[in-house]
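S.K.: A single structure is presented below for examination.
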Amino acid sequence: MMKILVAVKRVIDYNVQVRVKDDGTGVVTDNVKMSTNPPDDNAIEEAVKIKESGKAKEVVAITIGDDKAQETVRKALAVGADRGIHVKVDGIVEPLAVSKILKKIVEKENPDLVFMGKQAIDDDCNQTGQMLAAILNWPQATFASKIEVKEKSLEVTREIDEGLETIEVNIPAIVTCDLRLNEPRYASLPNIMKAKKKPLEQLNASDLGVDTKARIEQIKVEEPPKRKAGIKVASVSELVQKLKNEAKVI
Amino acid sequence: MSVLLIAEHNNTDLRPFTFNAATAASKINADLHVLVLGNKSDSVAKAASEIPLVKKVIHVDNEIFDNFTAENYTSTILKHVDSYSHIVCSANTFGKNLMPRVAALLDTSQVSDIVNVISEDTFLRPIYAGNAFATVKSTDKKKCVTIRPTSFDPAPSTGGSAEIVKSEPGDKFESSKFVKREEIKSDRPELGTARVVISGGRGMQNSDNFKLISAIADKLNAAIGASRAAVDAGYITNDHQVGQTGKVVVPDLYIAVGISGAIQHLAGMKESKVIVAINKDGEAPIFSVADYGLEADLFEALPQFLEELNKLNSIQK
Ligand SMILES: Cc1cc2nc3c(=O)[nH]c(=O)nc-3n(C[C@H](O)[C@H](O)[C@H](O)COP(=O)(O)OP(=O)(O)OC[C@H]3O[C@@H](n4cnc5c(N)ncnc54)[C@H](O)[C@@H]3O)c2cc1C
Ligand SMILES: Nc1ncnc2c1ncn2[C@@H]1O[C@H](COP(=O)(O)O)[C@@H](O)[C@H]1O
């Protein structure tokens, strides 16, 4: 029976209108609502579903970040993960460093599968899963919208620009999840209470011997160029006239 | 040092974004080489050699590249990177899947999805779904960079005659297997490169109503896009999704129909030259980025739109 490790990241909630700091050092995070990175919820959901189907025995949620990042692990525990790991690092940790930390944990925990989100909606990097697969020399199934668990492999449907692609990866493997993979469940109040009693192990990145120093200097962060407000047209014929004679695009 | 661009292709032709990536790559350094990994792909190597910006093509032809898996590509790319300072490719699902696997094995922190080249080591990239732009400087010796194709013009495709050097593949990766690819074929222009895009959202209500959109798309020679909500609801297939987790489009004309304008959708279309929004809710956020907003019921507006287009003497294609 399988053991599944799921990586969950704490990010600014997707509903928040992100604002750039005046001094250009980053975006405003004080008093801003934070949540689990959306596709990471799909990753947890899929792992829990596989466990419920009897094909996995344990789901372990892991996060890498400051003390507050533990909230994401608690949320994963509340929707069915069995135990959690928090690797403490302050500040920005680049995907390369995250993947190195995850590799150490994989070597310790020996999971059969690692599930993660396809992309973090803060850095929009879309790297970590592929990097972890590389340094473990495991197969990667990225942008998964369907997973079928077989005897010693997974058949994964991937969302690609041209449509859909199906691959088969031997276990152990890394899967990065798309939002369409499943419908994440909500945590019920009793389960949130129970989650508080589930084990959550704390480690430091430095104890794992991973160098988390940034390789990419963030020189400045600025507002994107603003679009000029346009006009409202009163009718379809006015719209077509404007497109033809003013914008000259049709 | 030189730049190595990983070509995206289908074993017959270069995929269009390779030309956009070539433009960006040559801005990093003019000594641009292209690596073509394919199976029975001589025509691809030839096409790459005809891009005037390209100085050399390295061609590895082997059956293990028939289906472009990141695992098989990576071992061969690693065999060829020694003399390069930068490895680059497009930030579409091809490059997103591939490049981090290469970067990690080079112990390089990848710079994803750049929209501008500031210098050999400094790039501009959107973060937070395009709500902020970060200027970042890579301090790694070898840099791995993916390029947002729609932010760079495609390079000219003819006139060059770079030398083509044959080379050998790396090890085959045994633990994964390609099963099938379901490509959605269409006679319409590709979403990523179309001059006009018309997209439908949840307001379309069902897949049948997308006929209203396709009739106009036919008329305007437009590609068809969609919001995630429309894709999730099954009105249209995933390859049409525009946005943070879909495709980025920068057409001359983008028409959003029954789309509210969530930031995740705007992330994929707000750089379009002219934006039209058709929505019955006058407060919908899509109007804040629209050059021309029409507050109307789409089921009345779309048939009228088609009628008005039919009245025109000529339409740009
Ligand atoms: C991590 C993450 C990533 C995401 N990535 C993407 C992405 O890449 N792309 C994307 O699009 N979304 C994405 N989303 C989803 C996004 O947040 C919105 O939910 C989605 O864009 C809404 O789609 P919509 O505008 O079609 O639907 P709605 O928000 O439901 O809007 C429907 C609109 O149609 C209008 N309407 C209804 N009926 C009519 C009518 N008869 N005539 C005229 N107008 C009508 C309504 O007024 C409304 O404004 C993502 C979300 C998350 C959390
Ligand atoms: N700090 C982190 N802690 C836990 N998981 C992470 C972290 N950073 C990235 N991940 C995982 O990697 C995925 C892709 O992130 P990224 O490569 O940053 O876009 C996320 O969806 C998470 O599953």
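How things are named: the first chain in the structure tokens is A, the next is B, and so on; residues count from 1 in each chain; ligands count from 1 in the order shown.
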Residues at most 8 Å from Ala76 of chain A, counting only C-alpha atoms, excluding those fewer than 4 positions away in the same chain, as a list of chain:residue names?

M.R.: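 The filter keeps A:Asp41, A:Ile44, A:Ala61, A:Thr72, A:Gly80, A:Ala81.
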
S.K.: Could you name the residues that touch Val111 of chain B at 9 Å or less, counting only C-alpha atoms, but leaving out those on the same chain fewer than 4 positions away, as a PDB file with N, CA, C and O atoms, in the first residue's frame?

M.R.:
ATOM      1  N   CYS A 125       5.843  30.309 -10.964  1.00  0.00           N
ATOM      2  CA  CYS A 125       7.061  29.689 -11.508  1.00  0.00           C
ATOM      3  C   CYS A 125       6.796  28.430 -12.326  1.00  0.00           C
ATOM      4  O   CYS A 125       7.360  28.244 -13.377  1.00  0.00           O
ATOM      5  N   ILE A 216      18.366  34.130  -7.433  1.00  0.00           N
ATOM      6  CA  ILE A 216      17.795  35.160  -8.301  1.00  0.00           C
ATOM      7  C   ILE A 216      17.546  36.397  -7.452  1.00  0.00           C
ATOM      8  O   ILE A 216      16.823  36.336  -6.460  1.00  0.00           O
TER       9      ILE A 216
ATOM     10  N   PHE B 123      16.065  40.171 -16.308  1.00  0.00           N
ATOM     11  CA  PHE B 123      14.849  39.957 -17.094  1.00  0.00           C
ATOM     12  C   PHE B 123      13.639  40.535 -16.370  1.00  0.00           C
ATOM     13  O   PHE B 123      13.652  40.678 -15.153  1.00  0.00           O
ATOM     14  N   ARG B 125       9.647  39.847 -15.574  1.00  0.00           N
ATOM     15  CA  ARG B 125       8.641  38.775 -15.617  1.00  0.00           C
ATOM     16  C   ARG B 125       7.431  39.126 -14.764  1.00  0.00           C
ATOM     17  O   ARG B 125       7.559  39.760 -13.712  1.00  0.00           O
ATOM     18  N   VAL B 136      14.278  40.782 -12.370  1.00  0.00           N
ATOM     19  CA  VAL B 136      15.074  39.802 -11.630  1.00  0.00           C
ATOM     20  C   VAL B 136      16.413  39.567 -12.321  1.00  0.00           C
ATOM     21  O   VAL B 136      16.518  39.621 -13.541  1.00  0.00           O
ATOM     22  N   LYS B 137      17.414  39.319 -11.472  1.00  0.00           N
ATOM     23  CA  LYS B 137      18.758  39.098 -11.997  1.00  0.00           C
ATOM     24  C   LYS B 137      19.232  37.708 -11.574  1.00  0.00           C
ATOM     25  O   LYS B 137      19.274  37.386 -10.394  1.00  0.00           O
ATOM     26  N   SER B 138      19.554  36.901 -12.556  1.00  0.00           N
ATOM     27  CA  SER B 138      20.016  35.548 -12.259  1.00  0.00           C
ATOM     28  C   SER B 138      21.511  35.578 -11.948  1.00  0.00           C
ATOM     29  O   SER B 138      22.296  36.167 -12.687  1.00  0.00           O
ATOM     30  N   LYS B 143      22.306  29.900 -17.207  1.00  0.00           N
ATOM     31  CA  LYS B 143      20.961  30.386 -16.926  1.00  0.00           C
ATOM     32  C   LYS B 143      19.929  29.622 -17.748  1.00  0.00           C
ATOM     33  O   LYS B 143      20.141  29.380 -18.929  1.00  0.00           O
ATOM     34  N   CYS B 144      18.855  29.237 -17.074  1.00  0.00           N
ATOM     35  CA  CYS B 144      17.758  28.578 -17.768  1.00  0.00           C
ATOM     36  C   CYS B 144      16.575  29.538 -17.757  1.00  0.00           C
ATOM     37  O   CYS B 144      16.145  29.985 -16.695  1.00  0.00           O
ATOM     38  N   VAL B 145      16.076  29.854 -18.928  1.00  0.00           N
ATOM     39  CA  VAL B 145      15.067  30.903 -19.052  1.00  0.00           C
ATOM     40  C   VAL B 145      13.929  30.403 -19.940  1.00  0.00           C
ATOM     41  O   VAL B 145      14.185  29.836 -21.007  1.00  0.00           O
ATOM     42  N   THR B 146      12.689  30.611 -19.499  1.00  0.00           N
ATOM     43  CA  THR B 146      11.573  30.367 -20.426  1.00  0.00           C
ATOM     44  C   THR B 146      10.966  31.707 -20.817  1.00  0.00           C
ATOM     45  O   THR B 146      10.958  32.655 -20.038  1.00  0.00           O
ATOM     46  N   ILE B 147      10.458  31.753 -22.041  1.00  0.00           N
ATOM     47  CA  ILE B 147      10.076  33.003 -22.682  1.00  0.00           C
ATOM     48  C   ILE B 147       8.586  33.032 -22.929  1.00  0.00           C
ATOM     49  O   ILE B 147       8.027  32.073 -23.482  1.00  0.00           O
TER      50      ILE B 147
END

S.K.: Go through the chains and note each residue within 7 Å of ligand 2, using only C-alpha atoms and all ligand atoms, then give the set as a PDB file with all heavy atoms, in the first residue's frame.

M.R.:
ATOM      1  N   ALA A   7       2.846  18.311  -1.275  1.00  0.00           N
ATOM      2  CA  ALA A   7       3.463  19.603  -0.948  1.00  0.00           C
ATOM      3  C   ALA A   7       2.429  20.717  -1.078  1.00  0.00           C
ATOM      4  O   ALA A   7       1.792  20.858  -2.120  1.00  0.00           O
ATOM      5  CB  ALA A   7       4.640  19.873  -1.881  1.00  0.00           C
ATOM      6  N   VAL A   8       2.261  21.485  -0.007  1.00  0.00           N
ATOM      7  CA  VAL A   8       1.274  22.573  -0.010  1.00  0.00           C
ATOM      8  C   VAL A   8       1.956  23.883   0.360  1.00  0.00           C
ATOM      9  O   VAL A   8       2.730  23.954   1.296  1.00  0.00           O
ATOM     10  CB  VAL A   8       0.100  22.287   0.966  1.00  0.00           C
ATOM     11  CG1 VAL A   8      -0.794  21.200   0.408  1.00  0.00           C
ATOM     12  CG2 VAL A   8       0.594  21.892   2.353  1.00  0.00           C
ATOM     13  N   LYS A   9       1.663  24.929  -0.389  1.00  0.00           N
ATOM     14  CA  LYS A   9       2.299  26.215  -0.166  1.00  0.00           C
ATOM     15  C   LYS A   9       1.276  27.242   0.299  1.00  0.00           C
ATOM     16  O   LYS A   9       0.139  27.251  -0.185  1.00  0.00           O
ATOM     17  CB  LYS A   9       2.955  26.700  -1.478  1.00  0.00           C
ATOM     18  CG  LYS A   9       3.739  27.984  -1.321  1.00  0.00           C
ATOM     19  CD  LYS A   9       4.393  28.436  -2.625  1.00  0.00           C
ATOM     20  CE  LYS A   9       5.312  29.628  -2.362  1.00  0.00           C
ATOM     21  NZ  LYS A   9       5.878  30.188  -3.591  1.00  0.00           N
ATOM     22  N   ASN A  37      -2.270  27.436  -1.733  1.00  0.00           N
ATOM     23  CA  ASN A  37      -2.184  27.607  -3.187  1.00  0.00           C
ATOM     24  C   ASN A  37      -3.254  26.717  -3.841  1.00  0.00           C
ATOM     25  O   ASN A  37      -3.288  25.509  -3.580  1.00  0.00           O
ATOM     26  CB  ASN A  37      -0.774  27.194  -3.624  1.00  0.00           C
ATOM     27  CG  ASN A  37      -0.554  27.396  -5.099  1.00  0.00           C
ATOM     28  OD1 ASN A  37      -0.909  28.424  -5.642  1.00  0.00           O
ATOM     29  ND2 ASN A  37       0.043  26.389  -5.727  1.00  0.00           N
ATOM     30  N   PRO A  39      -4.147  24.874  -6.612  1.00  0.00           N
ATOM     31  CA  PRO A  39      -3.988  23.491  -7.089  1.00  0.00           C
ATOM     32  C   PRO A  39      -3.405  22.537  -6.037  1.00  0.00           C
ATOM     33  O   PRO A  39      -3.515  21.317  -6.188  1.00  0.00           O
ATOM     34  CB  PRO A  39      -3.052  23.626  -8.295  1.00  0.00           C
ATOM     35  CG  PRO A  39      -2.371  24.921  -8.121  1.00  0.00           C
ATOM     36  CD  PRO A  39      -3.323  25.817  -7.379  1.00  0.00           C
ATOM     37  N   ASP A  40      -2.830  23.089  -4.972  1.00  0.00           N
ATOM     38  CA  ASP A  40      -2.343  22.211  -3.901  1.00  0.00           C
ATOM     39  C   ASP A  40      -3.522  21.572  -3.162  1.00  0.00           C
ATOM     40  O   ASP A  40      -3.414  20.458  -2.635  1.00  0.00           O
ATOM     41  CB  ASP A  40      -1.448  22.972  -2.919  1.00  0.00           C
ATOM     42  CG  ASP A  40      -0.293  23.687  -3.613  1.00  0.00           C
ATOM     43  OD1 ASP A  40      -0.185  23.594  -4.851  1.00  0.00           O
ATOM     44  OD2 ASP A  40       0.493  24.351  -2.918  1.00  0.00           O
ATOM     45  N   ILE A  62       3.210  18.363   3.504  1.00  0.00           N
ATOM     46  CA  ILE A  62       4.420  19.096   3.873  1.00  0.00           C
ATOM     47  C   ILE A  62       4.373  20.520   3.343  1.00  0.00           C
ATOM     48  O   ILE A  62       3.921  20.759   2.228  1.00  0.00           O
ATOM     49  CB  ILE A  62       5.695  18.385   3.358  1.00  0.00           C
ATOM     50  CG1 ILE A  62       6.926  19.260   3.637  1.00  0.00           C
ATOM     51  CG2 ILE A  62       5.616  18.055   1.861  1.00  0.00           C
ATOM     52  CD1 ILE A  62       8.237  18.563   3.508  1.00  0.00           C
ATOM     53  N   THR A  63       4.830  21.453   4.183  1.00  0.00           N
ATOM     54  CA  THR A  63       4.983  22.817   3.695  1.00  0.00           C
ATOM     55  C   THR A  63       6.358  23.331   4.075  1.00  0.00           C
ATOM     56  O   THR A  63       6.954  22.873   5.062  1.00  0.00           O
ATOM     57  CB  THR A  63       3.884  23.747   4.237  1.00  0.00           C
ATOM     58  OG1 THR A  63       3.877  24.940   3.452  1.00  0.00           O
ATOM     59  CG2 THR A  63       4.134  24.123   5.695  1.00  0.00           C
ATOM     60  N   ILE A  64       6.831  24.273   3.293  1.00  0.00           N
ATOM     61  CA  ILE A  64       8.112  24.909   3.540  1.00  0.00           C
ATOM     62  C   ILE A  64       7.848  26.402   3.617  1.00  0.00           C
ATOM     63  O   ILE A  64       7.321  26.992   2.661  1.00  0.00           O
ATOM     64  CB  ILE A  64       9.107  24.572   2.411  1.00  0.00           C
ATOM     65  CG1 ILE A  64       9.401  23.068   2.454  1.00  0.00           C
ATOM     66  CG2 ILE A  64      10.384  25.390   2.529  1.00  0.00           C
ATOM     67  CD1 ILE A  64       9.546  22.436   1.123  1.00  0.00           C
ATOM     68  N   GLY A  65       8.186  27.001   4.759  1.00  0.00           N
ATOM     69  CA  GLY A  65       7.915  28.427   4.894  1.00  0.00           C
ATOM     70  C   GLY A  65       8.043  28.871   6.343  1.00  0.00           C
ATOM     71  O   GLY A  65       8.546  28.129   7.188  1.00  0.00           O
ATOM     72  N   VAL A  93      11.708  31.340  -0.736  1.00  0.00           N
ATOM     73  CA  VAL A  93      12.492  30.143  -1.042  1.00  0.00           C
ATOM     74  C   VAL A  93      12.208  29.788  -2.495  1.00  0.00           C
ATOM     75  O   VAL A  93      11.058  29.558  -2.862  1.00  0.00           O
ATOM     76  CB  VAL A  93      12.110  28.951  -0.134  1.00  0.00           C
ATOM     77  CG1 VAL A  93      13.201  27.900  -0.178  1.00  0.00           C
ATOM     78  CG2 VAL A  93      11.865  29.401   1.282  1.00  0.00           C
ATOM     79  N   PRO A  95      11.996  27.764  -6.072  1.00  0.00           N
ATOM     80  CA  PRO A  95      11.632  26.377  -6.381  1.00  0.00           C
ATOM     81  C   PRO A  95      12.815  25.398  -6.310  1.00  0.00           C
ATOM     82  O   PRO A  95      12.664  24.270  -5.839  1.00  0.00           O
ATOM     83  CB  PRO A  95      11.074  26.480  -7.797  1.00  0.00           C
ATOM     84  CG  PRO A  95      10.436  27.835  -7.826  1.00  0.00           C
ATOM     85  CD  PRO A  95      11.361  28.719  -7.007  1.00  0.00           C
ATOM     86  N   VAL A  98      13.299  24.645  -2.734  1.00  0.00           N
ATOM     87  CA  VAL A  98      12.156  23.852  -2.254  1.00  0.00           C
ATOM     88  C   VAL A  98      12.322  22.405  -2.706  1.00  0.00           C
ATOM     89  O   VAL A  98      12.139  21.464  -1.924  1.00  0.00           O
ATOM     90  CB  VAL A  98      10.812  24.431  -2.779  1.00  0.00           C
ATOM     91  CG1 VAL A  98       9.656  23.497  -2.425  1.00  0.00           C
ATOM     92  CG2 VAL A  98      10.560  25.822  -2.206  1.00  0.00           C
ATOM     93  N   MET A 116       1.843  17.513  -6.018  1.00  0.00           N
ATOM     94  CA  MET A 116       1.962  18.944  -5.769  1.00  0.00           C
ATOM     95  C   MET A 116       1.089  19.708  -6.747  1.00  0.00           C
ATOM     96  O   MET A 116       0.483  19.120  -7.633  1.00  0.00           O
ATOM     97  CB  MET A 116       3.426  19.394  -5.841  1.00  0.00           C
ATOM     98  CG  MET A 116       4.334  18.586  -6.708  1.00  0.00           C
ATOM     99  SD  MET A 116       5.992  18.341  -6.039  1.00  0.00           S
ATOM    100  CE  MET A 116       6.499  20.011  -5.773  1.00  0.00           C
ATOM    101  N   GLY A 117       1.023  21.034  -6.555  1.00  0.00           N
ATOM    102  CA  GLY A 117       0.280  21.859  -7.499  1.00  0.00           C
ATOM    103  C   GLY A 117       1.121  22.086  -8.744  1.00  0.00           C
ATOM    104  O   GLY A 117       2.337  21.950  -8.707  1.00  0.00           O
ATOM    105  N   LYS A 118       0.462  22.461  -9.846  1.00  0.00           N
ATOM    106  CA  LYS A 118       1.250  22.677 -11.058  1.00  0.00           C
ATOM    107  C   LYS A 118       1.956  24.025 -11.022  1.00  0.00           C
ATOM    108  O   LYS A 118       2.967  24.216 -11.680  1.00  0.00           O
ATOM    109  CB  LYS A 118       0.398  22.531 -12.312  1.00  0.00           C
ATOM    110  CG  LYS A 118      -0.515  23.696 -12.649  1.00  0.00           C
ATOM    111  CD  LYS A 118      -1.016  23.565 -14.101  1.00  0.00           C
ATOM    112  CE  LYS A 118      -1.982  24.674 -14.447  1.00  0.00           C
ATOM    113  NZ  LYS A 118      -2.521  24.547 -15.808  1.00  0.00           N
ATOM    114  N   GLN A 119       1.442  24.938 -10.249  1.00  0.00           N
ATOM    115  CA  GLN A 119       1.971  26.293 -10.289  1.00  0.00           C
ATOM    116  C   GLN A 119       1.552  27.012  -9.018  1.00  0.00           C
ATOM    117  O   GLN A 119       0.415  26.887  -8.585  1.00  0.00           O
ATOM    118  CB  GLN A 119       1.372  26.992 -11.505  1.00  0.00           C
ATOM    119  CG  GLN A 119       1.723  28.430 -11.712  1.00  0.00           C
ATOM    120  CD  GLN A 119       1.139  28.928 -13.040  1.00  0.00           C
ATOM    121  OE1 GLN A 119       0.889  28.140 -13.956  1.00  0.00           O
ATOM    122  NE2 GLN A 119       0.906  30.213 -13.155  1.00  0.00           N
ATOM    123  N   ALA A 120       2.484  27.748  -8.420  1.00  0.00           N
ATOM    124  CA  ALA A 120       2.129  28.580  -7.268  1.00  0.00           C
ATOM    125  C   ALA A 120       1.640  29.912  -7.819  1.00  0.00           C
ATOM    126  O   ALA A 120       2.281  30.500  -8.684  1.00  0.00           O
ATOM    127  CB  ALA A 120       3.334  28.771  -6.365  1.00  0.00           C
ATOM    128  N   ILE A 121       0.497  30.400  -7.303  1.00  0.00           N
ATOM    129  CA  ILE A 121      -0.094  31.594  -7.908  1.00  0.00           C
ATOM    130  C   ILE A 121       0.559  32.881  -7.415  1.00  0.00           C
ATOM    131  O   ILE A 121       0.147  33.961  -7.803  1.00  0.00           O
ATOM    132  CB  ILE A 121      -1.624  31.658  -7.706  1.00  0.00           C
ATOM    133  CG1 ILE A 121      -1.980  31.718  -6.215  1.00  0.00           C
ATOM    134  CG2 ILE A 121      -2.308  30.484  -8.378  1.00  0.00           C
ATOM    135  CD1 ILE A 121      -3.426  32.156  -5.979  1.00  0.00           C
ATOM    136  N   ASP A 123       4.440  33.230  -7.170  1.00  0.00           N
ATOM    137  CA  ASP A 123       5.610  33.407  -8.047  1.00  0.00           C
ATOM    138  C   ASP A 123       5.322  32.991  -9.494  1.00  0.00           C
ATOM    139  O   ASP A 123       6.093  33.308 -10.394  1.00  0.00           O
ATOM    140  CB  ASP A 123       6.832  32.667  -7.489  1.00  0.00           C
ATOM    141  CG  ASP A 123       6.625  31.164  -7.351  1.00  0.00           C
ATOM    142  OD1 ASP A 123       5.845  30.573  -8.133  1.00  0.00           O
ATOM    143  OD2 ASP A 123       7.259  30.561  -6.469  1.00  0.00           O
ATOM    144  N   ASP A 124       4.210  32.266  -9.719  1.00  0.00           N
ATOM    145  CA  ASP A 124       3.867  31.762 -11.058  1.00  0.00           C
ATOM    146  C   ASP A 124       5.048  31.062 -11.739  1.00  0.00           C
ATOM    147  O   ASP A 124       5.252  31.175 -12.945  1.00  0.00           O
ATOM    148  CB  ASP A 124       3.344  32.898 -11.960  1.00  0.00           C
ATOM    149  CG  ASP A 124       1.885  33.251 -11.663  1.00  0.00           C
ATOM    150  OD1 ASP A 124       1.135  32.355 -11.226  1.00  0.00           O
ATOM    151  OD2 ASP A 124       1.498  34.420 -11.857  1.00  0.00           O
ATOM    152  N   CYS A 125       5.843  30.309 -10.964  1.00  0.00           N
ATOM    153  CA  CYS A 125       7.061  29.689 -11.508  1.00  0.00           C
ATOM    154  C   CYS A 125       6.796  28.430 -12.326  1.00  0.00           C
ATOM    155  O   CYS A 125       7.360  28.244 -13.377  1.00  0.00           O
ATOM    156  CB  CYS A 125       8.030  29.355 -10.379  1.00  0.00           C
ATOM    157  SG  CYS A 125       9.048  30.753  -9.913  1.00  0.00           S
ATOM    158  N   ASN A 126       5.939  27.551 -11.805  1.00  0.00           N
ATOM    159  CA  ASN A 126       5.672  26.281 -12.473  1.00  0.00           C
ATOM    160  C   ASN A 126       6.968  25.491 -12.656  1.00  0.00           C
ATOM    161  O   ASN A 126       7.357  25.171 -13.780  1.00  0.00           O
ATOM    162  CB  ASN A 126       4.973  26.540 -13.822  1.00  0.00           C
ATOM    163  CG  ASN A 126       4.284  25.308 -14.353  1.00  0.00           C
ATOM    164  OD1 ASN A 126       4.762  24.182 -14.142  1.00  0.00           O
ATOM    165  ND2 ASN A 126       3.187  25.479 -15.040  1.00  0.00           N
ATOM    166  N   GLN A 127       7.663  25.222 -11.581  1.00  0.00           N
ATOM    167  CA  GLN A 127       8.973  24.571 -11.656  1.00  0.00           C
ATOM    168  C   GLN A 127       9.162  23.424 -10.655  1.00  0.00           C
ATOM    169  O   GLN A 127       9.846  22.449 -10.964  1.00  0.00           O
ATOM    170  CB  GLN A 127      10.097  25.582 -11.325  1.00  0.00           C
ATOM    171  CG  GLN A 127      10.211  26.754 -12.262  1.00  0.00           C
ATOM    172  CD  GLN A 127      11.256  27.757 -11.806  1.00  0.00           C
ATOM    173  OE1 GLN A 127      11.963  27.541 -10.820  1.00  0.00           O
ATOM    174  NE2 GLN A 127      11.359  28.855 -12.509  1.00  0.00           N
ATOM    175  N   THR A 128       8.612  23.569  -9.451  1.00  0.00           N
ATOM    176  CA  THR A 128       9.084  22.757  -8.331  1.00  0.00           C
ATOM    177  C   THR A 128       8.935  21.255  -8.563  1.00  0.00           C
ATOM    178  O   THR A 128       9.858  20.487  -8.283  1.00  0.00           O
ATOM    179  CB  THR A 128       8.378  23.189  -7.026  1.00  0.00           C
ATOM    180  OG1 THR A 128       8.428  24.611  -6.939  1.00  0.00           O
ATOM    181  CG2 THR A 128       9.049  22.584  -5.811  1.00  0.00           C
ATOM    182  N   GLY A 129       7.787  20.837  -9.072  1.00  0.00           N
ATOM    183  CA  GLY A 129       7.563  19.401  -9.278  1.00  0.00           C
ATOM    184  C   GLY A 129       8.545  18.802 -10.270  1.00  0.00           C
ATOM    185  O   GLY A 129       9.123  17.728 -10.057  1.00  0.00           O
TER     186      GLY A 129
END

S.K.: Using only C-alpha atoms and all ligand atoms, what are the residues with an atom within 6 Å of ligand 1, set out as JSON, numbers by chain?

M.R.: {"A": [14, 38], "B": [201, 202, 203, 227, 228, 229, 230, 241, 242, 243, 244, 245, 246, 258, 259, 260, 261, 262, 264, 265, 279, 280, 281, 284, 296, 297, 298, 299]}

S.K.: Could you list, as a ChimeraX atom specification, the residues of chain A having an atom within 6 Å of chain B when counting only C-alpha atoms?

M.R.: /A:96,121-125,127,130-131,134,139,160-170,215-224,230-233,236,250

S.K.: Write the selection just made, keeping C-alpha atoms, as a tab-separated table (two decimals), in the first residue's frame?

M.R.:
chain	number	residue	atom	x	y	z
A	96	LEU	CA	15.16	24.92	-6.71
A	121	ILE	CA	-0.09	31.59	-7.91
A	122	ASP	CA	2.32	34.00	-6.20
A	123	ASP	CA	5.61	33.41	-8.05
A	124	ASP	CA	3.87	31.76	-11.06
A	125	CYS	CA	7.06	29.69	-11.51
A	127	GLN	CA	8.97	24.57	-11.66
A	130	GLN	CA	9.66	19.03	-12.40
A	131	MET	CA	12.79	19.96	-10.45
A	134	ALA	CA	14.78	15.63	-11.95
A	139	PRO	CA	9.27	10.31	-13.87
A	160	ILE	CA	-1.27	20.52	-22.86
A	161	ASP	CA	-1.60	23.41	-25.32
A	162	GLU	CA	-2.78	21.12	-28.11
A	163	GLY	CA	-5.39	19.31	-26.03
A	164	LEU	CA	-4.81	16.30	-23.81
A	165	GLU	CA	-1.92	13.86	-23.49
A	166	THR	CA	-1.91	10.56	-21.65
A	167	ILE	CA	1.27	9.07	-20.21
A	168	GLU	CA	2.04	6.14	-17.98
A	169	VAL	CA	4.62	6.65	-15.24
A	170	ASN	CA	6.12	3.98	-13.05
A	215	ARG	CA	20.08	32.63	-6.70
A	216	ILE	CA	17.80	35.16	-8.30
A	217	GLU	CA	18.02	38.74	-7.08
A	218	GLN	CA	14.74	40.57	-7.10
A	219	ILE	CA	15.82	44.03	-8.22
A	220	LYS	CA	12.43	45.67	-8.18
A	221	VAL	CA	8.74	44.96	-8.27
A	222	GLU	CA	6.44	47.42	-9.97
A	223	GLU	CA	2.84	47.90	-11.05
A	224	PRO	CA	2.03	46.56	-14.48
A	230	GLY	CA	-12.36	52.77	-22.65
A	231	ILE	CA	-15.90	53.73	-23.52
A	232	LYS	CA	-19.28	52.07	-23.46
A	233	VAL	CA	-21.07	51.82	-26.76
A	236	VAL	CA	-23.98	46.66	-31.68
A	250	ILE	CA	-11.81	44.48	-38.52

S.K.: Using only C-alpha atoms for the distances, tell me which of A:Asp13, A:Glu45, A:Ser145, A:Ala78 is nearest to Asn31 of chain A.

M.R.: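 Between A:Asp13, A:Glu45, A:Ser145, A:Ala78, the residue approaching Asn31 of chain A most closely is A:Asp13.
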
S.K.: Just list the residues in segment 163-223 of chain A DSSP gives helix (DSSP H, G or I) on the backbone, as a list in words.

M.R.: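 Of segment 163-223 of chain A, the ones in helix (DSSP H, G or I) are Leu179, Arg180, Leu181, Leu189, Pro190, Asn191, Ile192, Met193, Lys194, Ala195, Ala205, Ser206, Asp207 and Leu208 of chain A.
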
S.K.: How many Å lie between atom CA of Ile174 of chain A and atom CA of Lys198 of chain A, rounded to one decimal?

M.R.: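 Answer for the atom CA of Ile174 of chain A to atom CA of Lys198 of chain A separation: 25.1 Å.
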
S.K.: Could you check how far atom CA of Gly234 of chain B sits from atom CA of Tyr254 of chain B, in Å to one decimal?

M.R.: 21.9 Å

S.K.: Could you pull out the strand (DSSP E or B) residues of segment 24-199 of chain A, going by DSSP on the backbone, and write them as an MDAnalysis selection string?

M.R.: chainID A and resid 27 34:36 56:65 83:88 113:117 140:149 153:160 163:170 173:177
